[in-house]
Amino acid sequence: MGGSSPCASCKLLRRRCAKDCIFAPYFPSDDPHKFAIVHKVFGASNVSKMLQELPIHQRSDAVSSLVYEANARVRDPVYGCVGAISYLQNQVSQLQMQLAVAQAEILCIQMQQEPALPTHQIDPDDKSLLLHSNLNNLPQYLNFASSSNVIQDPLKRESLWT
Amino acid sequence: MSYSTRCAACKSLRRRCPQDCILAPYFPSNDPQRFASVQKIFGASNTTKILQQLPVHQRAEAADCMSFEAASRIQDPVYGCVGIISQLHQQILTTQHELAMTQAQLAFHYAQQETQQERRIMTQSQVQYDGPSSWFDPNQKEPFYLDQPLPDFHQPPGFL
């Protein structure tokens, strides 16, 4: 090992930092907090196993996402990252709704301006595509059965037209 | 306690399941995969610690979220949940852009209408014009309730 300092992981775990330490490239000694938080949430052993199962070129991104997820869970011990997903899904749904309304308004304007158009030029399916295609193409991330009702599928909604 | 009533956690850990087992309410024996995922990603000990630190009425939600995160991480070992967040950010930007374009089209149309109206009705003293109800705010910031920025990935997540 010579004079090289141990990585943040080996420092925290109080062990020799081997030359081929799996943590060393991603948890430098000058950022002890980064490993501390990942160890707190996932455990060093689990992180080591996860990294070992990945090709080397993907490990850096995996560590970044683990650090992010660990930070989220420490700051929000109940919802963690899932809170952000729920919030962002709502944002997407609201925007998609606004977009659908605006697109419907444009369609109405176009139909008013050209009322004599033959029907084959205005395909009813196109209209439904305008209103529903973007809404139905969104994958449903949060749709698991559980005893709690807090996290609901935000993509479920009443029809826009009553 | 009879072995046949052990929760999924205690079954997996091959131990007795006490009456006050902290994991039993959230990891029933009829869903062994749920605990298996959480154990693989967070570890049994960490899971217990995290739930123990929460008030009882919040533990069900926390267990659900940890199950979801664990399942996401197993499905996408590189990005996990963070891949989903990244995709949602991108969807928001794309949809905002599309909405801006559409509302600009509407604004242009209504502006043209107003000009035509003013030419026709020149004797009226008051012309009330109400623009579209929602205007796109070019200064609208990307919404994100956790204020930490997304990591700078070498390869962008492709969850979908």
# chains A, B, ... in the order shown; residues from 1 in each chain; ligands from 1
call {"tool": "closest_atom_pairs", "arguments": {"of": "chain B", "to": "chain A", "cutoff": "7 Å", "atoms": "only C-alpha atoms", "output": "JSON lines"}}
result
{"residue": "B:Ile41", "atom": "CA", "partner": "A:Asn46", "partner_atom": "CA", "distance": 6.3}
{"residue": "B:Phe42", "atom": "CA", "partner": "A:Phe42", "partner_atom": "CA", "distance": 4.4}
{"residue": "B:Gly43", "atom": "CA", "partner": "A:Phe42", "partner_atom": "CA", "distance": 6.7}
{"residue": "B:Asn46", "atom": "CA", "partner": "A:Val41", "partner_atom": "CA", "distance": 6.6}
{"residue": "B:Gln58", "atom": "CA", "partner": "A:Val78", "partner_atom": "CA", "distance": 6.7}
{"residue": "B:Ala60", "atom": "CA", "partner": "A:Ser148", "partner_atom": "CA", "distance": 6.5}
{"residue": "B:Glu61", "atom": "CA", "partner": "A:Ser148", "partner_atom": "CA", "distance": 5.9}
{"residue": "B:Ala62", "atom": "CA", "partner": "A:Val78", "partner_atom": "CA", "distance": 4.4}
{"residue": "B:Asp64", "atom": "CA", "partner": "A:Ser146", "partner_atom": "CA", "distance": 6.8}
{"residue": "B:Cys65", "atom": "CA", "partner": "A:Tyr79", "partner_atom": "CA", "distance": 5.8}
{"residue": "B:Val78", "atom": "CA", "partner": "A:Ala62", "partner_atom": "CA", "distance": 4.3}
{"residue": "B:Tyr79", "atom": "CA", "partner": "A:Ser65", "partner_atom": "CA", "distance": 5.5}
{"residue": "B:Cys81", "atom": "CA", "partner": "A:Cys81", "partner_atom": "CA", "distance": 6.7}
{"residue": "B:Val82", "atom": "CA", "partner": "A:Ser65", "partner_atom": "CA", "distance": 6.0}
{"residue": "B:Ile85", "atom": "CA", "partner": "A:Ile85", "partner_atom": "CA", "distance": 5.8}
{"residue": "B:Leu88", "atom": "CA", "partner": "A:Leu88", "partner_atom": "CA", "distance": 6.3}
{"residue": "B:Gln91", "atom": "CA", "partner": "A:Val92", "partner_atom": "CA", "distance": 6.9}
{"residue": "B:Ile92", "atom": "CA", "partner": "A:Val92", "partner_atom": "CA", "distance": 5.6}
{"residue": "B:Thr95", "atom": "CA", "partner": "A:Leu95", "partner_atom": "CA", "distance": 6.5}
{"residue": "B:Gln96", "atom": "CA", "partner": "A:Leu95", "partner_atom": "CA", "distance": 6.9}
{"residue": "B:Leu99", "atom": "CA", "partner": "A:Leu99", "partner_atom": "CA", "distance": 5.2}
{"residue": "B:Thr102", "atom": "CA", "partner": "A:Ala102", "partner_atom": "CA", "distance": 6.4}
{"residue": "B:Gln103", "atom": "CA", "partner": "A:Ala102", "partner_atom": "CA", "distance": 6.6}
{"residue": "B:Leu106", "atom": "CA", "partner": "A:Ile106", "partner_atom": "CA", "distance": 6.7}
{"residue": "B:Tyr145", "atom": "CA", "partner": "A:Ala84", "partner_atom": "CA", "distance": 6.3}
{"residue": "B:Leu146", "atom": "CA", "partner": "A:Ala84", "partner_atom": "CA", "distance": 6.7}
{"residue": "B:Pro151", "atom": "CA", "partner": "A:Ser64", "partner_atom": "CA", "distance": 5.9}
{"residue": "B:Phe153", "atom": "CA", "partner": "A:Asp61", "partner_atom": "CA", "distance": 5.5}
{"residue": "B:His154", "atom": "CA", "partner": "A:Asp61", "partner_atom": "CA", "distance": 6.4}
call {"tool": "residues_around", "arguments": {"residues": "segment 17-33 of chain A", "least_positions_apart": "5", "cutoff": "8 Å", "atoms": "only C-alpha atoms", "output": "list in words"}}
result
Met1, Ser5, Pro6, Cys7, Ala8, Ser9, Cys10, Lys11, Leu12, Ser48, Leu51, Gln52, Ser60 and Val63 of chain A
